[in-house]
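J.: Starting off with a structure, shown below.
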Amino acid sequence: MNRRFALVSVATLSLASLATLISVAAATAQKSAAKKAPPAAARNSSVPAPAQTAITVDGVADIDPAKAFGSRNAPVIMEIFSDFQCPACRQLFITTTQRVMDNYVNNNKVFVVHRDFPLPMHAYSRVAASYARAAAHVGKGDAVEMALFQNQEKWEMSGDVKGTVAAVLTPAEMKKVQALVDGKTLEPLIDKDRQLAMAVPVNQTPTSIIHTRDGQSYPVVGYVSFDVLKTLLDQLTK
Amino acid sequence: MMQSAPFNYRRIIIWLGRLVLAVIFIYAGLAKMIRWDMHPRPPLGIATSLFALQIDSYQMLPPWASIQVARWLPWAEIAVGLLLLVGWQLRIWSTMVTLIIGGFFVAVLRAYALHLDINCGCFAKPEPLTGLTVLRDGALFLLAVLMTVFAFQEARKPHPWAAAERST
């Protein structure tokens, strides 16, 4: 009995030490990999020039104005990296982001930047990002993003992204959107967002990065509720 | 009356458990409040809010509870870690540590099973929750359980040195 206890104890200690060592080593390796990421200018060099001019606000570069909301003078910038096919991104967009828009963006306290980070494991997220980007450039980004997130389960089964988008646009708007998607003129903007995400690095979606005017950045990973996010935004915007 | 040897395996486990878990708890509590990983370091209020967001991402607690846990857990971790080191009322504090680590283990296991793409939040810094995190927390939980069980068992037996003092 005692010998069995001794064996279990020794095994537990060994396992705990091993797991702790491995996790510390993994975290260190990840940190050094992040440090090795090239600077913003270098990492964008391989991407062709986008059709629309990207802007820089308070050090946050490569912002597509069509995918940004609020005052550029807001004390806080919130970059949201998301994937249209990810359920947690859907949850964040429908609940938290909408309330952030109502309570902080409309009051010029937060400047929200939507970044596309379509994950390769999702079959239609890149197509959805293309349609959403195109819709944003014809002034219908809000409606299309909402439609894509609200109907996520339908189009991820059928693959009918186009039909989901068309349902919330007029035929004339859809024609413009389709032309932009077919022309692939906005694809470099999505590629740029992806490259930015890889350089941060963003490991999960959704990931929100909250920037303050004094240059501090706070990453927020996963879905978070508005009430908890509010405690942070209130301190940063007062 | 039963009497145990001064250095049996149970006592070694208790000592190691106290040392390992105390260091981990104190480090984890301080890391959540000080945020060494951030430059410049954020004030305590912001660090608390960031930790509340990490707790909230587990989607286990209502928002108000996430905020309260974020406010008090780091202090509790430091206090319990120090009490473990001191060794006063070991059975009570080792039980408390076991319950806390048990809670962490359940939370991590649940998040992993639900495929939640979140950070662990264990030591405040960005650390994706993986199978290794589950394994680590499971091993620490097992260590805490053993330490507590042995602490109760050893408390029933007089320490040989104490017994020797009494007899002289």
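Every chain in the structure tokens has a letter given in the order shown (A, B, ...), and although residue numbers restart at 1 in each chain, ligands are simply numbered from 1 in the order shown.
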Could you pull out all residues of stretch 5-156 of chain B with a DSSP call of alpha helix (DSSP H) and give them as a ChimeraX atom specification?
T.: /B:9-34,44-56,63-86,90-113,131-155
J.: Contacts between chain A and chain B, please, where a residue of chain B counts if it comes within 8 Å (with only C-alpha atoms); show its shortest atom pair and distance in Å to one decimal, rows by chain and ascending number, as JSON lines.
T.:
```
{"residue": "B:Tyr9", "atom": "CA", "partner": "A:Ala6", "partner_atom": "CA", "distance": 6.3}
{"residue": "B:Arg10", "atom": "CA", "partner": "A:Ala6", "partner_atom": "CA", "distance": 7.8}
{"residue": "B:Ile13", "atom": "CA", "partner": "A:Ser9", "partner_atom": "CA", "distance": 6.9}
{"residue": "B:His39", "atom": "CA", "partner": "A:Gln216", "partner_atom": "CA", "distance": 7.6}
{"residue": "B:Pro40", "atom": "CA", "partner": "A:Gln216", "partner_atom": "CA", "distance": 7.2}
{"residue": "B:Gly45", "atom": "CA", "partner": "A:Gln235", "partner_atom": "CA", "distance": 7.9}
{"residue": "B:Ile46", "atom": "CA", "partner": "A:Leu232", "partner_atom": "CA", "distance": 6.2}
{"residue": "B:Ser49", "atom": "CA", "partner": "A:Leu232", "partner_atom": "CA", "distance": 5.3}
{"residue": "B:Leu50", "atom": "CA", "partner": "A:Leu232", "partner_atom": "CA", "distance": 7.1}
{"residue": "B:Ala52", "atom": "CA", "partner": "A:Val228", "partner_atom": "CA", "distance": 6.7}
{"residue": "B:Leu53", "atom": "CA", "partner": "A:Val228", "partner_atom": "CA", "distance": 6.1}
{"residue": "B:Gln54", "atom": "CA", "partner": "A:Val221", "partner_atom": "CA", "distance": 7.4}
{"residue": "B:Asp56", "atom": "CA", "partner": "A:Val224", "partner_atom": "CA", "distance": 5.8}
{"residue": "B:Ser57", "atom": "CA", "partner": "A:Val224", "partner_atom": "CA", "distance": 5.2}
{"residue": "B:Gln59", "atom": "CA", "partner": "A:Val224", "partner_atom": "CA", "distance": 8.0}
{"residue": "B:Pro63", "atom": "CA", "partner": "A:Val228", "partner_atom": "CA", "distance": 5.7}
{"residue": "B:Trp64", "atom": "CA", "partner": "A:Val228", "partner_atom": "CA", "distance": 7.6}
{"residue": "B:Ser66", "atom": "CA", "partner": "A:Val228", "partner_atom": "CA", "distance": 7.6}
{"residue": "B:Ile67", "atom": "CA", "partner": "A:Val228", "partner_atom": "CA", "distance": 6.7}
{"residue": "B:Leu116", "atom": "CA", "partner": "A:Gly222", "partner_atom": "CA", "distance": 7.7}
{"residue": "B:Asp117", "atom": "CA", "partner": "A:Gln204", "partner_atom": "CA", "distance": 5.6}
{"residue": "B:Ile118", "atom": "CA", "partner": "A:Gly222", "partner_atom": "CA", "distance": 5.1}
{"residue": "B:Asn119", "atom": "CA", "partner": "A:Val221", "partner_atom": "CA", "distance": 6.5}
{"residue": "B:Glu127", "atom": "CA", "partner": "A:Ala27", "partner_atom": "CA", "distance": 6.7}
{"residue": "B:Pro128", "atom": "CA", "partner": "A:Asn203", "partner_atom": "CA", "distance": 7.7}
{"residue": "B:Leu132", "atom": "CA", "partner": "A:Ala19", "partner_atom": "CA", "distance": 6.6}
{"residue": "B:Thr133", "atom": "CA", "partner": "A:Ser23", "partner_atom": "CA", "distance": 7.3}
{"residue": "B:Leu135", "atom": "CA", "partner": "A:Ala19", "partner_atom": "CA", "distance": 6.7}
{"residue": "B:Arg136", "atom": "CA", "partner": "A:Ala19", "partner_atom": "CA", "distance": 5.0}
{"residue": "B:Ala139", "atom": "CA", "partner": "A:Ala16", "partner_atom": "CA", "distance": 4.8}
{"residue": "B:Leu140", "atom": "CA", "partner": "A:Ala16", "partner_atom": "CA", "distance": 5.8}
{"residue": "B:Leu142", "atom": "CA", "partner": "A:Thr12", "partner_atom": "CA", "distance": 6.6}
{"residue": "B:Leu143", "atom": "CA", "partner": "A:Thr12", "partner_atom": "CA", "distance": 6.1}
{"residue": "B:Leu146", "atom": "CA", "partner": "A:Ser9", "partner_atom": "CA", "distance": 7.2}
```
J.: The selected residues should be written to file as a PDB file, in the first residue's frame (atoms: C-alpha atoms).
T.:
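Heads up, here's the output in selection-v7.pdb:
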```pdb
ATOM      1  CA  TYR B   9       7.685   9.602   1.667  1.00  0.00           C
ATOM      2  CA  ARG B  10       4.507  11.236   2.934  1.00  0.00           C
ATOM      3  CA  ILE B  13       5.478  14.851  -0.607  1.00  0.00           C
ATOM      4  CA  HIS B  39       5.731  47.289 -20.839  1.00  0.00           C
ATOM      5  CA  PRO B  40       4.928  49.706 -19.326  1.00  0.00           C
ATOM      6  CA  GLY B  45      -7.156  48.508 -11.918  1.00  0.00           C
ATOM      7  CA  ILE B  46      -6.335  47.768 -15.553  1.00  0.00           C
ATOM      8  CA  SER B  49      -9.860  44.240 -15.669  1.00  0.00           C
ATOM      9  CA  LEU B  50      -7.595  42.309 -18.042  1.00  0.00           C
ATOM     10  CA  ALA B  52     -11.516  39.652 -15.488  1.00  0.00           C
ATOM     11  CA  LEU B  53     -11.637  39.463 -19.293  1.00  0.00           C
ATOM     12  CA  GLN B  54      -9.557  36.277 -19.212  1.00  0.00           C
ATOM     13  CA  ASP B  56     -14.911  35.885 -18.690  1.00  0.00           C
ATOM     14  CA  SER B  57     -13.564  34.219 -21.827  1.00  0.00           C
ATOM     15  CA  GLN B  59     -17.818  31.583 -20.236  1.00  0.00           C
ATOM     16  CA  PRO B  63     -19.929  39.036 -15.724  1.00  0.00           C
ATOM     17  CA  TRP B  64     -20.289  40.326 -12.150  1.00  0.00           C
ATOM     18  CA  SER B  66     -15.821  37.307 -13.256  1.00  0.00           C
ATOM     19  CA  ILE B  67     -15.151  40.848 -12.053  1.00  0.00           C
ATOM     20  CA  LEU B 116     -12.736  27.353 -26.674  1.00  0.00           C
ATOM     21  CA  ASP B 117      -9.931  29.257 -28.377  1.00  0.00           C
ATOM     22  CA  ILE B 118      -8.830  31.230 -25.351  1.00  0.00           C
ATOM     23  CA  ASN B 119      -5.802  31.992 -23.243  1.00  0.00           C
ATOM     24  CA  GLU B 127      -0.685  31.506 -23.025  1.00  0.00           C
ATOM     25  CA  PRO B 128      -3.045  29.566 -25.308  1.00  0.00           C
ATOM     26  CA  LEU B 132      -0.524  20.630 -22.016  1.00  0.00           C
ATOM     27  CA  THR B 133      -2.297  23.190 -19.844  1.00  0.00           C
ATOM     28  CA  LEU B 135      -2.104  18.078 -18.123  1.00  0.00           C
ATOM     29  CA  ARG B 136      -0.195  20.589 -16.019  1.00  0.00           C
ATOM     30  CA  ALA B 139      -0.828  17.078 -12.260  1.00  0.00           C
ATOM     31  CA  LEU B 140      -0.829  20.026  -9.871  1.00  0.00           C
ATOM     32  CA  LEU B 142      -3.136  15.528  -8.024  1.00  0.00           C
ATOM     33  CA  LEU B 143      -0.145  16.870  -6.111  1.00  0.00           C
ATOM     34  CA  LEU B 146      -1.833  13.964  -2.201  1.00  0.00           C
TER      35      LEU B 146
END
```
J.: If we count only C-alpha atoms, what is near A:Val113 at a cut-off of 7 Å, once residues fewer than 6 positions away on the same chain are taken out, given as JSON, numbers by chain?
T.: {"A": [67, 68, 69, 78, 79, 80]}
J.: Save the residues we just selected, C-alpha atoms, as an mmCIF file, in the first residue's frame?
T.:
```
data_model
loop_
_atom_site.group_PDB
_atom_site.id
_atom_site.type_symbol
_atom_site.label_atom_id
_atom_site.label_comp_id
_atom_site.auth_asym_id
_atom_site.auth_seq_id
_atom_site.Cartn_x
_atom_site.Cartn_y
_atom_site.Cartn_z
ATOM 1 C CA LYS A 67 -13.763 48.816 -42.025
ATOM 2 C CA ALA A 68 -13.195 51.392 -39.287
ATOM 3 C CA PHE A 69 -15.809 53.112 -37.167
ATOM 4 C CA MET A 78 -9.976 48.603 -30.626
ATOM 5 C CA GLU A 79 -8.714 46.309 -33.373
ATOM 6 C CA ILE A 80 -10.840 43.196 -33.724
#
```
J.: Quick one, how far is atom CA of B:Ala65 from atom CA of A:Asn106?
T.: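 One can read the atom CA of B:Ala65 to atom CA of A:Asn106 distance as 28.3 Å.
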J.: Need the shell around B:Ala107: protein/DNA/RNA residues with any atom at most 8 Å away, counting only C-alpha atoms. Skip same-chain ones fewer than 4 positions apart. Format as a PyMOL selection string?
T.: chain B and resi 58+60+103+111
J.: For B:His115, please output as number ranges by chain all residues within 10 Å (counting only C-alpha atoms; exclusion window: fewer than 6 positions along the same chain).
T.: B: 109, 129-130
J.: Next, write the just-selected residues to a file, as a PDB file, in the first residue's frame, keeping N, CA and C atoms as the atom set.
T.:
```
ATOM      1  N   LEU B 109     -10.284  22.129 -18.107  1.00  0.00           N
ATOM      2  CA  LEU B 109     -10.749  20.904 -18.770  1.00  0.00           C
ATOM      3  C   LEU B 109     -12.020  21.178 -19.577  1.00  0.00           C
ATOM      4  N   LEU B 129      -4.606  28.063 -24.283  1.00  0.00           N
ATOM      5  CA  LEU B 129      -5.021  26.881 -23.501  1.00  0.00           C
ATOM      6  C   LEU B 129      -4.927  25.649 -24.384  1.00  0.00           C
ATOM      7  N   THR B 130      -4.034  24.746 -24.024  1.00  0.00           N
ATOM      8  CA  THR B 130      -3.817  23.540 -24.832  1.00  0.00           C
ATOM      9  C   THR B 130      -3.952  22.296 -23.950  1.00  0.00           C
TER      10      THR B 130
END
```
J.: Counting only C-alpha atoms, what is within 12 Å of B:Gly87, bar same-chain residues fewer than 4 positions away, as an MDAnalysis selection string?
T.: chainID B and resid 14:15 17:19 22 80:83 91:94 151
J.: Output C-alpha atoms for every residue in that selection, as an mmCIF file, in the first residue's frame.
T.:
```cif
data_model
loop_
_atom_site.group_PDB
_atom_site.id
_atom_site.type_symbol
_atom_site.label_atom_id
_atom_site.label_comp_id
_atom_site.auth_asym_id
_atom_site.auth_seq_id
_atom_site.Cartn_x
_atom_site.Cartn_y
_atom_site.Cartn_z
ATOM 1 C CA ILE B 14 4.001 17.302 1.891
ATOM 2 C CA TRP B 15 7.164 19.383 1.869
ATOM 3 C CA GLY B 17 3.816 20.050 -2.354
ATOM 4 C CA ARG B 18 3.994 22.989 0.000
ATOM 5 C CA LEU B 19 7.069 24.372 -1.697
ATOM 6 C CA ALA B 22 3.316 27.924 -2.642
ATOM 7 C CA VAL B 80 -2.728 30.921 0.578
ATOM 8 C CA GLY B 81 0.734 30.493 -0.948
ATOM 9 C CA LEU B 82 2.349 32.263 2.004
ATOM 10 C CA LEU B 83 0.317 30.230 4.487
ATOM 11 C CA ARG B 91 -4.673 20.860 6.822
ATOM 12 C CA ILE B 92 -6.988 23.850 6.377
ATOM 13 C CA TRP B 93 -4.825 25.681 3.827
ATOM 14 C CA SER B 94 -3.844 22.601 1.873
ATOM 15 C CA ALA B 151 -1.235 16.156 5.796
#
```
J.: B:Arg35: which residues within 8 Å, counting only C-alpha atoms, same-chain residues fewer than 6 positions away excluded, as JSON, numbers by chain?
T.: {"B": [41, 42, 47, 124, 125]}
J.: One number please: atom CA of A:Ile210 to atom CA of A:Met121, in Å, one decimal.
T.: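 Computing it gives 26.4 Å between the two atoms.
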